[in-house]
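Notes follow the structure.
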Protein chains: 2
Amino acid sequence: MEQKNWFEIHGSDADIAVSTRIRLARNVANIPFGSRQSAEDAEKVVSLCSSQLLENPVTQNVFTLKKSSSMSDAERVSLVERHLISPEFAKSTLPRALCLSEDEGIAVMINEEDHLRLQVIGSGLCINECLECAVRIDTLIDEGLTSHGAQYAFDETLGYLTHCPTNLGTGLRVSVMLHLPALAANGRLKALMNAAGRLGLAIRGYYGEGSREAGDLYQISNRITLGYTEKELCDNLNETVTQIIAEERAARKALLDADRLRMEDKVCRAHALLSSARLISADEAMGLLSDERLGISLKLLDGDIETINSLISEIQPATLCLNAAISAGAQERDETRAALLRKRLG
Amino acid sequence: MEQKNWFEIHGSDADIAVSTRIRLARNVANIPFGSRQSAEDAEKVVSLCSSQLLENPVTQNVFTLKKSSSMSDAERVSLVERHLISPEFAKSTLPRALCLSEDEGIAVMINEEDHLRLQVIGSGLCINECLECAVRIDTLIDEGLTSHGAQYAFDETLGYLTHCPTNLGTGLRVSVMLHLPALAANGRLKALMNAAGRLGLAIRGYYGEGSREAGDLYQISNRITLGYTEKELCDNLNETVTQIIAEERAARKALLDADRLRMEDKVCRAHALLSSARLISADEAMGLLSDERLGISLKLLDGDIETINSLISEIQPATLCLNAAISAGAQERDETRAALLRKRLG
């Protein structure tokens, strides 16, 4: 079973920028949120918010409602792996729901930490496009609430009120997933992480702290949400991301110039193993997919970057089991993963 | 440049027995040998012995004479790698020569430790066939010498006289190269080595002491040359080799039964790397060729065992450089080796 492509918005710099994500945190005024929320409150929020998307003619054919109570454990973990819901959302027992567009590019979590967490994802670097889309959905919900006599919790001075003060103001988190194998290899990444911190940004491993097992994938995002407009926060991130992309590109060129043959050897071996192994762990596959992605970007390998992007998500344990309809032990999972990779890359 | 195939005698059990080798040590009576040999003596031996092969109508089109003085260093090392001359032979400065059949199945070293070291090699397990061939050549030289008023140094009680007493009697060394990945993996090999010792036999790594870097190739040979007929010595070895082959085959089956998928994974990965790498060291290639050879034997991979046998010799450093006409640094050698493997296995 092929997974549906969740990239509807296509951005630039796909050799290095994997995806862009905008998240807006919103709450409905006069309904408690966070730990003060009762089951009844929660049910009311699910009903009120989901109906704005499901009953509005503009979006009613776009979204599907998935209630948390009707999700299997595997489905829940898979949604976490695909960053469509948060681990906290997956764990809760209160009424919760996810409104998901068919292409999975737009996800609205209802009753995570905040009443609403609206997320838009695009492929490549496409901050403005994602922001525009998020604002469009946000406006639509806002208007819908108003027409039902409700409204967002908003303060003229503080902006949007959120459960956690770190989200106060814009409620905006903008992040870009970057593939940085060369900056990870040449040791420059640590300095960049420190520099990003001074600019109010954070860089961290996307699939974990290890570099190679995590596919050399890093997420850069804003840490400040208050005191700037959405546009300013996005522009600030965009500027730094553009610089990092230029540095990564230069570092790749330097690696290639220093020893082209060794680089060719590395990416050819990665492709050979990915398209031949009969058993492969997620960690090994992530490292090899990073090499393969780098090889395609450098035109040392034929292949399609978006296939690799999709595989990175598809080979994660729960997503893999869900798609293959197996409830697997480690070896069966490694076998299924290897078969998937052979089929798609062989 | 493809290397000529040196396997003319084809034996049985090629899944495990790589090759069989018979060596006879002979000296010419009344000419000093070993350290007592003068350059003049040595020249006389080269001339007398080589002429028996080069002027006899039966063999004159079979052999080519290579004088040690006309060999390049690379050629000398390559002949050692292919076990056609000994390291001692390669090092000496006295007049020495090698009579080599075109297929390299028969090699006669003149003035190694003994005046004559006659060697016959066949593929697979073929002790009797190799012995017959060696005896035929030996008889031919013997008759030739007699017709020139010379004769082998022979004693009614001691048999053939040799430079080193460990070769006295028959002057026979019979050996079989075995591919024993499963017995090396399950730890049984050490016990077999001890048992072989008690039977007057020796088992040792063919390309070195490490198991995997040496391609899991082991040579088993007789340590006793005196007090038995050639036939008895050969039969004794044959019996033990046959037992070891049966044990290796059972161990392979046990490995396969225990986890067929893991075995498939291993051999598929080996084939993928051998047919894709752009740089590969001799050690790594030997390990992977061992896996590939095992995979072909177990019918997990398509392929030809004799191609693997030939590659094992062709990828050795000096042979590789000689065939590719490069005088290479390590990286150029690794590149040439990778190209050869891709071409032959890709």
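Identifiers in this document derive from the order of the structure tokens: chains are assigned A, B, ..., residues are numbered from 1 separately in each chain, and ligands are numbered from 1 in order of occurrence.
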
Can you build me a table of chain A residues sitting at most 8 Å from chain B, with the closest atom pair per residue and its distance in Å to one decimal, using only C-alpha atoms, sorted by chain and residue number, as JSON lines?
```
{"residue": "A:Leu261", "atom": "CA", "partner": "B:Arg278", "partner_atom": "CA", "distance": 6.8}
{"residue": "A:Arg262", "atom": "CA", "partner": "B:Leu279", "partner_atom": "CA", "distance": 7.0}
{"residue": "A:Glu264", "atom": "CA", "partner": "B:Arg278", "partner_atom": "CA", "distance": 6.7}
{"residue": "A:Asp265", "atom": "CA", "partner": "B:Arg278", "partner_atom": "CA", "distance": 4.5}
{"residue": "A:Lys266", "atom": "CA", "partner": "B:Ala277", "partner_atom": "CA", "distance": 7.8}
{"residue": "A:Cys268", "atom": "CA", "partner": "B:Ser276", "partner_atom": "CA", "distance": 5.9}
{"residue": "A:Arg269", "atom": "CA", "partner": "B:Ala277", "partner_atom": "CA", "distance": 5.6}
{"residue": "A:Ala272", "atom": "CA", "partner": "B:Ala272", "partner_atom": "CA", "distance": 5.1}
{"residue": "A:Leu273", "atom": "CA", "partner": "B:Arg269", "partner_atom": "CA", "distance": 5.9}
{"residue": "A:Ser276", "atom": "CA", "partner": "B:Cys268", "partner_atom": "CA", "distance": 5.9}
{"residue": "A:Ala277", "atom": "CA", "partner": "B:Asp265", "partner_atom": "CA", "distance": 5.4}
{"residue": "A:Arg278", "atom": "CA", "partner": "B:Asp265", "partner_atom": "CA", "distance": 4.5}
{"residue": "A:Leu279", "atom": "CA", "partner": "B:Asp265", "partner_atom": "CA", "distance": 6.0}
```

Output of the above residues as a CSV table (one decimal), in the first residue's frame, restricted to N, CA, C and O atoms:
```
chain,number,residue,atom,x,y,z
A,261,LEU,N,35.8,10.4,-5.7
A,261,LEU,CA,35.6,8.9,-5.8
A,261,LEU,C,35.1,8.3,-4.5
A,261,LEU,O,34.3,7.4,-4.5
A,262,ARG,N,35.6,8.8,-3.3
A,262,ARG,CA,35.1,8.3,-2.1
A,262,ARG,C,33.7,8.6,-1.8
A,262,ARG,O,32.9,7.8,-1.3
A,264,GLU,N,31.5,9.1,-4.3
A,264,GLU,CA,30.7,8.2,-5.2
A,264,GLU,C,30.6,6.8,-4.6
A,264,GLU,O,29.6,6.1,-4.6
A,265,ASP,N,31.7,6.3,-4.0
A,265,ASP,CA,31.7,5.0,-3.4
A,265,ASP,C,30.7,4.9,-2.3
A,265,ASP,O,29.9,4.0,-2.3
A,266,LYS,N,30.6,5.9,-1.5
A,266,LYS,CA,29.7,6.0,-0.4
A,266,LYS,C,28.3,5.9,-0.8
A,266,LYS,O,27.5,5.1,-0.3
A,268,CYS,N,27.1,5.0,-3.8
A,268,CYS,CA,26.8,3.8,-4.6
A,268,CYS,C,26.6,2.6,-3.7
A,268,CYS,O,25.7,1.8,-3.9
A,269,ARG,N,27.4,2.6,-2.6
A,269,ARG,CA,27.2,1.5,-1.6
A,269,ARG,C,25.9,1.6,-0.9
A,269,ARG,O,25.2,0.6,-0.7
A,272,ALA,N,23.2,0.5,-3.2
A,272,ALA,CA,23.3,-1.0,-3.4
A,272,ALA,C,22.6,-1.7,-2.2
A,272,ALA,O,21.9,-2.7,-2.4
A,273,LEU,N,23.0,-1.3,-1.0
A,273,LEU,CA,22.4,-1.9,0.2
A,273,LEU,C,20.9,-1.7,0.3
A,273,LEU,O,20.2,-2.6,0.6
A,276,SER,N,19.1,-4.0,-2.0
A,276,SER,CA,19.4,-5.4,-2.0
A,276,SER,C,19.1,-6.1,-0.6
A,276,SER,O,19.0,-7.3,-0.6
A,277,ALA,N,19.2,-5.3,0.5
A,277,ALA,CA,19.1,-5.9,1.8
A,277,ALA,C,17.8,-6.7,2.0
A,277,ALA,O,16.8,-6.3,1.4
A,278,ARG,N,17.8,-7.7,2.7
A,278,ARG,CA,16.6,-8.5,3.0
A,278,ARG,C,16.1,-8.2,4.4
A,278,ARG,O,15.0,-8.6,4.8
A,279,LEU,N,17.0,-7.6,5.2
A,279,LEU,CA,16.7,-7.2,6.6
A,279,LEU,C,17.4,-5.9,6.8
A,279,LEU,O,18.6,-5.8,6.6
```

- request: Please provide the set of residues having any atom within 8 Å of stretch 13-29 of chain A, restricted to only C-alpha atoms, with same-chain residues fewer than 2 positions apart removed, written as a VMD selection string.
  value: chain A and resid 11 31 33 45 114 to 127 130 to 131 134 150 to 154 160 to 162 167 170 to 180 245 248 to 249 293 to 294 297 305 309

Counting only C-alpha atoms, what is within 12 Å of stretch 198-203 of chain B, bar same-chain residues fewer than 2 positions away, as a PDB file with N, CA, C and O atoms, in the first residue's frame?
```
ATOM      1  N   ARG B 173      54.029 -32.979  -1.140  1.00  0.00           N
ATOM      2  CA  ARG B 173      53.089 -32.185  -0.344  1.00  0.00           C
ATOM      3  C   ARG B 173      51.781 -32.160  -1.124  1.00  0.00           C
ATOM      4  O   ARG B 173      51.740 -31.704  -2.277  1.00  0.00           O
ATOM      5  N   VAL B 174      50.741 -32.695  -0.508  1.00  0.00           N
ATOM      6  CA  VAL B 174      49.423 -32.660  -1.140  1.00  0.00           C
ATOM      7  C   VAL B 174      48.556 -31.735  -0.294  1.00  0.00           C
ATOM      8  O   VAL B 174      48.564 -31.819   0.932  1.00  0.00           O
ATOM      9  N   SER B 175      47.867 -30.830  -0.953  1.00  0.00           N
ATOM     10  CA  SER B 175      47.051 -29.895  -0.169  1.00  0.00           C
ATOM     11  C   SER B 175      45.759 -29.565  -0.908  1.00  0.00           C
ATOM     12  O   SER B 175      45.694 -29.613  -2.140  1.00  0.00           O
ATOM     13  N   VAL B 176      44.751 -29.254  -0.115  1.00  0.00           N
ATOM     14  CA  VAL B 176      43.454 -28.867  -0.677  1.00  0.00           C
ATOM     15  C   VAL B 176      43.055 -27.536  -0.042  1.00  0.00           C
ATOM     16  O   VAL B 176      43.169 -27.366   1.174  1.00  0.00           O
ATOM     17  N   MET B 177      42.646 -26.590  -0.897  1.00  0.00           N
ATOM     18  CA  MET B 177      42.159 -25.317  -0.381  1.00  0.00           C
ATOM     19  C   MET B 177      40.653 -25.446  -0.190  1.00  0.00           C
ATOM     20  O   MET B 177      39.920 -25.785  -1.127  1.00  0.00           O
ATOM     21  N   LEU B 178      40.213 -25.181   1.037  1.00  0.00           N
ATOM     22  CA  LEU B 178      38.802 -25.356   1.371  1.00  0.00           C
ATOM     23  C   LEU B 178      38.185 -24.023   1.768  1.00  0.00           C
ATOM     24  O   LEU B 178      38.831 -23.211   2.433  1.00  0.00           O
ATOM     25  N   HIS B 179      36.951 -23.835   1.354  1.00  0.00           N
ATOM     26  CA  HIS B 179      36.203 -22.639   1.741  1.00  0.00           C
ATOM     27  C   HIS B 179      35.283 -23.029   2.893  1.00  0.00           C
ATOM     28  O   HIS B 179      34.329 -23.777   2.703  1.00  0.00           O
ATOM     29  N   LEU B 180      35.600 -22.546   4.100  1.00  0.00           N
ATOM     30  CA  LEU B 180      34.921 -23.039   5.303  1.00  0.00           C
ATOM     31  C   LEU B 180      34.249 -21.922   6.110  1.00  0.00           C
ATOM     32  O   LEU B 180      34.482 -21.781   7.311  1.00  0.00           O
ATOM     33  N   LEU B 189      36.020 -24.984  13.774  1.00  0.00           N
ATOM     34  CA  LEU B 189      37.263 -25.113  13.024  1.00  0.00           C
ATOM     35  C   LEU B 189      38.471 -25.410  13.909  1.00  0.00           C
ATOM     36  O   LEU B 189      39.344 -26.199  13.552  1.00  0.00           O
ATOM     37  N   LYS B 190      38.510 -24.794  15.064  1.00  0.00           N
ATOM     38  CA  LYS B 190      39.661 -24.969  15.963  1.00  0.00           C
ATOM     39  C   LYS B 190      39.823 -26.447  16.343  1.00  0.00           C
ATOM     40  O   LYS B 190      40.933 -26.990  16.324  1.00  0.00           O
ATOM     41  N   ALA B 191      38.709 -27.085  16.673  1.00  0.00           N
ATOM     42  CA  ALA B 191      38.748 -28.502  17.034  1.00  0.00           C
ATOM     43  C   ALA B 191      39.234 -29.346  15.851  1.00  0.00           C
ATOM     44  O   ALA B 191      40.017 -30.293  16.014  1.00  0.00           O
ATOM     45  N   LEU B 192      38.783 -28.982  14.658  1.00  0.00           N
ATOM     46  CA  LEU B 192      39.210 -29.718  13.464  1.00  0.00           C
ATOM     47  C   LEU B 192      40.708 -29.557  13.227  1.00  0.00           C
ATOM     48  O   LEU B 192      41.383 -30.491  12.803  1.00  0.00           O
ATOM     49  N   MET B 193      41.226 -28.353  13.495  1.00  0.00           N
ATOM     50  CA  MET B 193      42.648 -28.116  13.315  1.00  0.00           C
ATOM     51  C   MET B 193      43.458 -29.013  14.246  1.00  0.00           C
ATOM     52  O   MET B 193      44.465 -29.599  13.855  1.00  0.00           O
ATOM     53  N   ASN B 194      42.994 -29.140  15.489  1.00  0.00           N
ATOM     54  CA  ASN B 194      43.681 -30.013  16.444  1.00  0.00           C
ATOM     55  C   ASN B 194      43.610 -31.472  16.011  1.00  0.00           C
ATOM     56  O   ASN B 194      44.604 -32.199  16.058  1.00  0.00           O
ATOM     57  N   ALA B 195      42.415 -31.900  15.592  1.00  0.00           N
ATOM     58  CA  ALA B 195      42.241 -33.287  15.168  1.00  0.00           C
ATOM     59  C   ALA B 195      43.123 -33.596  13.961  1.00  0.00           C
ATOM     60  O   ALA B 195      43.751 -34.661  13.882  1.00  0.00           O
ATOM     61  N   ALA B 196      43.206 -32.657  13.032  1.00  0.00           N
ATOM     62  CA  ALA B 196      44.022 -32.864  11.833  1.00  0.00           C
ATOM     63  C   ALA B 196      45.484 -33.058  12.222  1.00  0.00           C
ATOM     64  O   ALA B 196      46.193 -33.902  11.654  1.00  0.00           O
ATOM     65  N   GLY B 205      45.142 -20.957   7.571  1.00  0.00           N
ATOM     66  CA  GLY B 205      44.560 -19.936   6.694  1.00  0.00           C
ATOM     67  C   GLY B 205      45.404 -19.799   5.439  1.00  0.00           C
ATOM     68  O   GLY B 205      46.629 -19.774   5.508  1.00  0.00           O
ATOM     69  N   TYR B 206      44.718 -19.715   4.312  1.00  0.00           N
ATOM     70  CA  TYR B 206      45.453 -19.723   3.049  1.00  0.00           C
ATOM     71  C   TYR B 206      46.008 -18.347   2.729  1.00  0.00           C
ATOM     72  O   TYR B 206      47.106 -18.209   2.217  1.00  0.00           O
ATOM     73  N   GLY B 208      46.160 -15.877   5.097  1.00  0.00           N
ATOM     74  CA  GLY B 208      46.540 -15.210   6.337  1.00  0.00           C
ATOM     75  C   GLY B 208      45.794 -15.808   7.502  1.00  0.00           C
ATOM     76  O   GLY B 208      45.019 -16.753   7.344  1.00  0.00           O
ATOM     77  N   GLU B 209      46.004 -15.245   8.676  1.00  0.00           N
ATOM     78  CA  GLU B 209      45.459 -15.849   9.893  1.00  0.00           C
ATOM     79  C   GLU B 209      44.030 -15.395  10.163  1.00  0.00           C
ATOM     80  O   GLU B 209      43.224 -16.155  10.654  1.00  0.00           O
ATOM     81  N   LEU B 217      39.248 -19.017   3.668  1.00  0.00           N
ATOM     82  CA  LEU B 217      39.913 -20.058   2.874  1.00  0.00           C
ATOM     83  C   LEU B 217      41.013 -20.716   3.706  1.00  0.00           C
ATOM     84  O   LEU B 217      41.854 -20.037   4.291  1.00  0.00           O
ATOM     85  N   TYR B 218      40.989 -22.033   3.753  1.00  0.00           N
ATOM     86  CA  TYR B 218      41.943 -22.784   4.563  1.00  0.00           C
ATOM     87  C   TYR B 218      42.611 -23.841   3.708  1.00  0.00           C
ATOM     88  O   TYR B 218      41.987 -24.422   2.826  1.00  0.00           O
ATOM     89  N   GLN B 219      43.892 -24.073   4.012  1.00  0.00           N
ATOM     90  CA  GLN B 219      44.607 -25.119   3.292  1.00  0.00           C
ATOM     91  C   GLN B 219      44.870 -26.269   4.239  1.00  0.00           C
ATOM     92  O   GLN B 219      45.360 -26.066   5.347  1.00  0.00           O
ATOM     93  N   ILE B 220      44.518 -27.461   3.810  1.00  0.00           N
ATOM     94  CA  ILE B 220      44.846 -28.645   4.591  1.00  0.00           C
ATOM     95  C   ILE B 220      45.894 -29.437   3.814  1.00  0.00           C
ATOM     96  O   ILE B 220      45.765 -29.639   2.606  1.00  0.00           O
ATOM     97  N   SER B 221      46.958 -29.844   4.506  1.00  0.00           N
ATOM     98  CA  SER B 221      48.033 -30.551   3.808  1.00  0.00           C
ATOM     99  C   SER B 221      48.694 -31.566   4.729  1.00  0.00           C
ATOM    100  O   SER B 221      48.531 -31.519   5.949  1.00  0.00           O
ATOM    101  N   ASN B 222      49.441 -32.515   4.117  1.00  0.00           N
ATOM    102  CA  ASN B 222      50.172 -33.512   4.907  1.00  0.00           C
ATOM    103  C   ASN B 222      51.423 -32.901   5.521  1.00  0.00           C
ATOM    104  O   ASN B 222      52.038 -32.013   4.941  1.00  0.00           O
ATOM    105  N   ARG B 223      51.760 -33.362   6.751  1.00  0.00           N
ATOM    106  CA  ARG B 223      53.026 -32.919   7.340  1.00  0.00           C
ATOM    107  C   ARG B 223      54.086 -34.008   7.259  1.00  0.00           C
ATOM    108  O   ARG B 223      55.259 -33.770   7.468  1.00  0.00           O
ATOM    109  N   ILE B 224      53.644 -35.232   6.985  1.00  0.00           N
ATOM    110  CA  ILE B 224      54.565 -36.374   6.932  1.00  0.00           C
ATOM    111  C   ILE B 224      54.796 -36.746   5.472  1.00  0.00           C
ATOM    112  O   ILE B 224      53.850 -36.766   4.676  1.00  0.00           O
ATOM    113  N   THR B 225      56.075 -36.973   5.133  1.00  0.00           N
ATOM    114  CA  THR B 225      56.386 -37.324   3.740  1.00  0.00           C
ATOM    115  C   THR B 225      57.107 -38.661   3.655  1.00  0.00           C
ATOM    116  O   THR B 225      57.290 -39.206   2.572  1.00  0.00           O
ATOM    117  N   LEU B 226      57.514 -39.188   4.781  1.00  0.00           N
ATOM    118  CA  LEU B 226      58.414 -40.346   4.847  1.00  0.00           C
ATOM    119  C   LEU B 226      57.683 -41.540   5.455  1.00  0.00           C
ATOM    120  O   LEU B 226      56.897 -41.370   6.384  1.00  0.00           O
ATOM    121  N   TYR B 228      55.544 -43.633   4.067  1.00  0.00           N
ATOM    122  CA  TYR B 228      54.292 -43.994   3.405  1.00  0.00           C
ATOM    123  C   TYR B 228      54.466 -43.809   1.908  1.00  0.00           C
ATOM    124  O   TYR B 228      55.316 -43.021   1.477  1.00  0.00           O
ATOM    125  N   LEU B 233      49.655 -41.392   1.472  1.00  0.00           N
ATOM    126  CA  LEU B 233      49.581 -40.010   1.968  1.00  0.00           C
ATOM    127  C   LEU B 233      48.371 -39.286   1.388  1.00  0.00           C
ATOM    128  O   LEU B 233      47.648 -38.563   2.085  1.00  0.00           O
ATOM    129  N   CYS B 234      48.142 -39.523   0.085  1.00  0.00           N
ATOM    130  CA  CYS B 234      47.000 -38.870  -0.578  1.00  0.00           C
ATOM    131  C   CYS B 234      45.676 -39.399  -0.045  1.00  0.00           C
ATOM    132  O   CYS B 234      44.742 -38.620   0.201  1.00  0.00           O
ATOM    133  N   ASN B 236      45.069 -40.678   2.875  1.00  0.00           N
ATOM    134  CA  ASN B 236      44.877 -40.164   4.239  1.00  0.00           C
ATOM    135  C   ASN B 236      44.288 -38.748   4.215  1.00  0.00           C
ATOM    136  O   ASN B 236      43.318 -38.439   4.906  1.00  0.00           O
ATOM    137  N   LEU B 237      44.864 -37.899   3.365  1.00  0.00           N
ATOM    138  CA  LEU B 237      44.357 -36.526   3.262  1.00  0.00           C
ATOM    139  C   LEU B 237      42.932 -36.521   2.714  1.00  0.00           C
ATOM    140  O   LEU B 237      42.049 -35.827   3.212  1.00  0.00           O
ATOM    141  N   ASN B 238      42.741 -37.328   1.680  1.00  0.00           N
ATOM    142  CA  ASN B 238      41.433 -37.373   1.017  1.00  0.00           C
ATOM    143  C   ASN B 238      40.321 -37.717   2.004  1.00  0.00           C
ATOM    144  O   ASN B 238      39.245 -37.108   1.987  1.00  0.00           O
ATOM    145  N   GLU B 239      40.628 -38.663   2.874  1.00  0.00           N
ATOM    146  CA  GLU B 239      39.627 -39.115   3.843  1.00  0.00           C
ATOM    147  C   GLU B 239      39.238 -37.976   4.789  1.00  0.00           C
ATOM    148  O   GLU B 239      38.055 -37.717   5.026  1.00  0.00           O
ATOM    149  N   THR B 240      40.235 -37.284   5.315  1.00  0.00           N
ATOM    150  CA  THR B 240      39.950 -36.179   6.237  1.00  0.00           C
ATOM    151  C   THR B 240      39.242 -35.027   5.532  1.00  0.00           C
ATOM    152  O   THR B 240      38.288 -34.443   6.057  1.00  0.00           O
ATOM    153  N   VAL B 241      39.707 -34.720   4.321  1.00  0.00           N
ATOM    154  CA  VAL B 241      39.073 -33.636   3.564  1.00  0.00           C
ATOM    155  C   VAL B 241      37.601 -33.958   3.316  1.00  0.00           C
ATOM    156  O   VAL B 241      36.726 -33.094   3.464  1.00  0.00           O
ATOM    157  N   ILE B 244      35.699 -33.238   6.431  1.00  0.00           N
ATOM    158  CA  ILE B 244      35.547 -31.796   6.688  1.00  0.00           C
ATOM    159  C   ILE B 244      34.497 -31.201   5.749  1.00  0.00           C
ATOM    160  O   ILE B 244      33.666 -30.385   6.152  1.00  0.00           O
TER     161      ILE B 244
END
```

message: When DSSP is applied to the backbone of this structure, which of stretch 80-305 of chain A are assigned alpha helix (DSSP H)? Write them out as a ChimeraX atom specification.
response: /A:80-81,87-91,127-147,181-185,189-198,230-258,260-274,282-297,305

Residue set, stretch 175-332 of chain B restricted to strand (DSSP E or B), as an MDAnalysis selection string: chainID B and resid 175:179 201:205 217:222

Now that the selection is made, can you save its residues with all heavy atoms as a short mmCIF file (atom, residue, chain, number, x, y, z; two decimals), in the first residue's frame?
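Just written: part_17.cif:
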```
data_model
loop_
_atom_site.label_atom_id
_atom_site.label_comp_id
_atom_site.auth_asym_id
_atom_site.auth_seq_id
_atom_site.Cartn_x
_atom_site.Cartn_y
_atom_site.Cartn_z
N SER B 175 47.87 -30.83 -0.95
CA SER B 175 47.05 -29.90 -0.17
C SER B 175 45.76 -29.57 -0.91
O SER B 175 45.69 -29.61 -2.14
CB SER B 175 47.83 -28.62 0.14
OG SER B 175 48.18 -27.97 -1.05
N VAL B 176 44.75 -29.25 -0.12
CA VAL B 176 43.45 -28.87 -0.68
C VAL B 176 43.05 -27.54 -0.04
O VAL B 176 43.17 -27.37 1.17
CB VAL B 176 42.38 -29.94 -0.40
CG1 VAL B 176 41.04 -29.52 -0.99
CG2 VAL B 176 42.81 -31.29 -0.98
N MET B 177 42.65 -26.59 -0.90
CA MET B 177 42.16 -25.32 -0.38
C MET B 177 40.65 -25.45 -0.19
O MET B 177 39.92 -25.78 -1.13
CB MET B 177 42.45 -24.18 -1.35
CG MET B 177 42.38 -22.80 -0.66
SD MET B 177 41.89 -21.46 -1.75
CE MET B 177 43.24 -21.40 -2.89
N LEU B 178 40.21 -25.18 1.04
CA LEU B 178 38.80 -25.36 1.37
C LEU B 178 38.19 -24.02 1.77
O LEU B 178 38.83 -23.21 2.43
CB LEU B 178 38.66 -26.34 2.55
CG LEU B 178 39.12 -27.77 2.28
CD1 LEU B 178 39.17 -28.57 3.59
CD2 LEU B 178 38.19 -28.46 1.28
N HIS B 179 36.95 -23.84 1.35
CA HIS B 179 36.20 -22.64 1.74
C HIS B 179 35.28 -23.03 2.89
O HIS B 179 34.33 -23.78 2.70
CB HIS B 179 35.39 -22.14 0.54
CG HIS B 179 34.63 -20.87 0.81
ND1 HIS B 179 33.35 -20.65 0.38
CD2 HIS B 179 35.00 -19.75 1.48
CE1 HIS B 179 32.96 -19.44 0.75
NE2 HIS B 179 33.93 -18.87 1.42
N LEU B 201 48.34 -34.11 9.72
CA LEU B 201 47.92 -33.10 8.73
C LEU B 201 47.96 -31.72 9.38
O LEU B 201 47.96 -31.59 10.60
CB LEU B 201 46.49 -33.40 8.25
CG LEU B 201 46.25 -34.80 7.69
CD1 LEU B 201 44.77 -35.01 7.40
CD2 LEU B 201 47.08 -35.03 6.42
N ALA B 202 47.98 -30.68 8.56
CA ALA B 202 47.95 -29.31 9.08
C ALA B 202 46.87 -28.53 8.34
O ALA B 202 46.72 -28.67 7.13
CB ALA B 202 49.31 -28.64 8.88
N ILE B 203 46.11 -27.74 9.09
CA ILE B 203 45.14 -26.82 8.48
C ILE B 203 45.56 -25.40 8.84
O ILE B 203 45.79 -25.10 10.01
CB ILE B 203 43.71 -27.05 9.04
CG1 ILE B 203 43.26 -28.50 8.82
CG2 ILE B 203 42.72 -26.09 8.39
CD1 ILE B 203 41.86 -28.81 9.34
N ARG B 204 45.67 -24.55 7.84
CA ARG B 204 45.96 -23.15 8.16
C ARG B 204 45.32 -22.21 7.15
O ARG B 204 44.96 -22.61 6.04
CB ARG B 204 47.46 -22.92 8.25
CG ARG B 204 48.24 -23.21 7.01
CD ARG B 204 49.70 -22.78 7.21
NE ARG B 204 50.43 -22.96 5.97
CZ ARG B 204 50.86 -24.14 5.50
NH1 ARG B 204 50.65 -25.26 6.19
NH2 ARG B 204 51.48 -24.21 4.35
N GLY B 205 45.14 -20.96 7.57
CA GLY B 205 44.56 -19.94 6.69
C GLY B 205 45.40 -19.80 5.44
O GLY B 205 46.63 -19.77 5.51
N LEU B 217 39.25 -19.02 3.67
CA LEU B 217 39.91 -20.06 2.87
C LEU B 217 41.01 -20.72 3.71
O LEU B 217 41.85 -20.04 4.29
CB LEU B 217 40.52 -19.44 1.61
CG LEU B 217 39.48 -18.89 0.62
CD1 LEU B 217 40.17 -18.10 -0.48
CD2 LEU B 217 38.64 -20.03 0.03
N TYR B 218 40.99 -22.03 3.75
CA TYR B 218 41.94 -22.78 4.56
C TYR B 218 42.61 -23.84 3.71
O TYR B 218 41.99 -24.42 2.83
CB TYR B 218 41.23 -23.43 5.76
CG TYR B 218 40.68 -22.39 6.70
CD1 TYR B 218 39.43 -21.84 6.48
CD2 TYR B 218 41.45 -21.91 7.74
CE1 TYR B 218 38.94 -20.83 7.31
CE2 TYR B 218 40.98 -20.90 8.58
CZ TYR B 218 39.72 -20.37 8.35
OH TYR B 218 39.25 -19.37 9.15
N GLN B 219 43.89 -24.07 4.01
CA GLN B 219 44.61 -25.12 3.29
C GLN B 219 44.87 -26.27 4.24
O GLN B 219 45.36 -26.07 5.35
CB GLN B 219 45.93 -24.56 2.78
CG GLN B 219 46.74 -25.61 2.03
CD GLN B 219 47.93 -24.98 1.35
OE1 GLN B 219 47.83 -24.49 0.24
NE2 GLN B 219 49.06 -24.98 2.04
N ILE B 220 44.52 -27.46 3.81
CA ILE B 220 44.85 -28.65 4.59
C ILE B 220 45.89 -29.44 3.81
O ILE B 220 45.76 -29.64 2.61
CB ILE B 220 43.59 -29.49 4.91
CG1 ILE B 220 43.99 -30.76 5.66
CG2 ILE B 220 42.77 -29.83 3.68
CD1 ILE B 220 42.79 -31.46 6.34
N SER B 221 46.96 -29.84 4.51
CA SER B 221 48.03 -30.55 3.81
C SER B 221 48.69 -31.57 4.73
O SER B 221 48.53 -31.52 5.95
CB SER B 221 49.07 -29.55 3.31
OG SER B 221 49.59 -28.81 4.40
N ASN B 222 49.44 -32.52 4.12
CA ASN B 222 50.17 -33.51 4.91
C ASN B 222 51.42 -32.90 5.52
O ASN B 222 52.04 -32.01 4.94
CB ASN B 222 50.56 -34.70 4.04
CG ASN B 222 51.52 -34.31 2.92
OD1 ASN B 222 51.30 -33.30 2.25
ND2 ASN B 222 52.59 -35.09 2.73
#
```

- prompt: How many Å lie between atom CA of B:Glu88 and atom CA of B:Leu289, rounded to one decimal?
  reply: 28.6 Å

task: For A:Ile312, please output as a PyMOL selection string all residues within 10 Å (counting only C-alpha atoms; exclusion window: fewer than 5 positions along the same chain).
output: chain A and resi 82+207+214-215+217+282+285-286+289-290+306-307
